[in-house]
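For reference, target.cif is printed below; it contains mmCIF, C-alpha atoms.
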```
data_work
loop_
_atom_site.group_PDB
_atom_site.id
_atom_site.type_symbol
_atom_site.label_atom_id
_atom_site.label_comp_id
_atom_site.auth_asym_id
_atom_site.auth_seq_id
_atom_site.Cartn_x
_atom_site.Cartn_y
_atom_site.Cartn_z
ATOM 1 C CA MET A 1 -16.384 -14.336 -12.969
ATOM 2 C CA PRO A 2 -15.633 -15.499 -16.523
ATOM 3 C CA THR A 3 -12.406 -17.358 -17.128
ATOM 4 C CA TYR A 4 -12.522 -17.010 -20.889
ATOM 5 C CA CYS A 5 -11.778 -14.278 -23.429
ATOM 6 C CA CYS A 6 -14.769 -12.017 -24.084
ATOM 7 C CA VAL A 7 -13.756 -11.292 -27.704
ATOM 8 C CA HIS A 8 -16.059 -13.303 -29.953
ATOM 9 C CA GLU A 9 -14.030 -13.244 -33.157
ATOM 10 C CA PRO A 10 -12.397 -16.607 -33.908
ATOM 11 C CA HIS A 11 -8.912 -16.785 -32.402
ATOM 12 C CA GLU A 12 -6.595 -19.084 -30.505
ATOM 13 C CA VAL A 13 -7.173 -18.136 -26.875
ATOM 14 C CA SER A 14 -4.149 -17.486 -24.702
ATOM 15 C CA LYS A 15 -3.939 -18.776 -21.135
ATOM 16 C CA SER A 16 -3.117 -15.223 -19.981
ATOM 17 C CA LEU A 17 -6.255 -13.172 -19.313
ATOM 18 C CA PHE A 18 -6.453 -9.517 -18.316
ATOM 19 C CA GLY A 19 -9.234 -7.740 -16.474
ATOM 20 C CA VAL A 20 -10.769 -4.547 -17.804
ATOM 21 C CA PRO A 21 -8.813 -1.477 -16.657
ATOM 22 C CA LYS A 22 -10.349 0.613 -13.876
ATOM 23 C CA ASN A 23 -8.902 3.747 -15.478
ATOM 24 C CA LEU A 24 -11.697 5.030 -17.749
ATOM 25 C CA GLU A 25 -9.334 6.517 -20.372
ATOM 26 C CA ILE A 26 -7.482 3.221 -20.778
ATOM 27 C CA LYS A 27 -10.754 1.263 -20.797
ATOM 28 C CA ILE A 28 -12.011 3.444 -23.659
ATOM 29 C CA LEU A 29 -8.793 2.771 -25.602
ATOM 30 C CA TRP A 30 -9.332 -0.977 -25.143
ATOM 31 C CA GLU A 31 -12.968 -0.684 -26.282
ATOM 32 C CA GLU A 32 -11.953 1.254 -29.385
ATOM 33 C CA ALA A 33 -9.207 -1.244 -30.248
ATOM 34 C CA LEU A 34 -11.497 -4.248 -29.708
ATOM 35 C CA ARG A 35 -14.563 -2.528 -31.237
ATOM 36 C CA MET A 36 -16.798 -3.615 -28.380
ATOM 37 C CA GLN A 37 -18.183 -2.436 -25.049
ATOM 38 C CA LEU A 38 -16.428 -3.984 -22.064
ATOM 39 C CA LYS A 39 -18.055 -4.892 -18.759
ATOM 40 C CA LYS A 40 -16.211 -4.998 -15.441
ATOM 41 C CA SER A 41 -16.477 -8.788 -15.437
ATOM 42 C CA HIS A 42 -14.947 -9.252 -18.906
ATOM 43 C CA ARG A 43 -11.493 -10.722 -19.489
ATOM 44 C CA VAL A 44 -9.351 -10.203 -22.600
ATOM 45 C CA CYS A 45 -6.696 -12.755 -23.559
ATOM 46 C CA ALA A 46 -3.095 -11.912 -24.429
ATOM 47 C CA LYS A 47 -3.691 -12.646 -28.129
ATOM 48 C CA HIS A 48 -5.243 -9.162 -28.473
ATOM 49 C CA PHE A 49 -2.093 -7.367 -27.317
ATOM 50 C CA TYR A 50 1.381 -6.904 -28.714
ATOM 51 C CA ASP A 51 4.100 -8.639 -26.685
ATOM 52 C CA SER A 52 5.508 -5.183 -25.934
ATOM 53 C CA ASP A 53 2.167 -4.153 -24.335
ATOM 54 C CA ILE A 54 2.436 -6.806 -21.630
ATOM 55 C CA ILE A 55 4.637 -6.294 -18.588
ATOM 56 C CA SER A 56 5.186 -9.489 -16.679
ATOM 57 C CA THR A 57 4.438 -9.066 -12.971
ATOM 58 C CA ARG A 58 7.401 -11.327 -12.371
ATOM 59 C CA ASN A 59 9.661 -8.768 -14.098
ATOM 60 C CA SER A 60 7.918 -5.629 -12.801
ATOM 61 C CA GLY A 61 7.938 -6.628 -9.144
ATOM 62 C CA GLN A 62 4.196 -5.910 -8.938
ATOM 63 C CA GLY A 63 3.072 -9.546 -8.732
ATOM 64 C CA SER A 64 2.513 -11.688 -5.680
#
```
Go ahead and render the structure in this file as structure tokens.
Amino acid sequence: MPTYCCVHEPHEVSKSLFGVPKNLEIKILWEEALRMQLKKSHRVCAKHFYDSDIISTRNSGQGS
């Protein structure tokens, strides 16, 4: 499984990586925003999201 950002445009990669959503509607939104097809194994770094898009698992209570 890749441990790097799948977006090939030059950017400073964040340490936070997110897996591709299982929900097809959300996955399509990501693909449209990134202008690329995403595979299940891809990871997208936090640099491609607004801070307000990211909910910390520590704050949400959903993390381990």
*By how many Å are atom CA of Ser52 of chain A and atom CA of Leu24 of chain A apart?*
21.6 Å
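Across the structure, atom CA of Pro10 of chain A and atom CA of Ser41 of chain A are spaced 20.5 Å apart.
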Please define a box with edges along x, y and z of the file around all atoms of segment 15-34 of chain A given in the file, extend it by 5 Å on each side, and return its centre and edge lengths in Å to one decimal, as AutoDock Vina command-line options.
```
--center_x -8.0 --center_y -6.1 --center_z -22.1 --size_x 19.9 --size_y 35.3 --size_z 26.4
```
*Find the residue from A:Val20, A:Phe49, A:Tyr4, A:Glu9 that sits nearest to Gln37 of chain A; use only C-alpha atoms when measuring.*
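Between A:Val20, A:Phe49, A:Tyr4, A:Glu9, the residue approaching Gln37 of chain A most closely is A:Val20.
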*Evaluating the PyMOL selection byres ((chain A and resi 5) around 6) on the displayed file yields which residues, as number ranges by chain?*
A: 4, 6-7, 43-45
*Have a look at A:Ile55, A:Pro21, A:Lys15, A:His8 and name the one nearest to Leu34 of chain A; count all atoms listed in the file.*
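Closest residue, counting all atoms listed in the file: A:His8.
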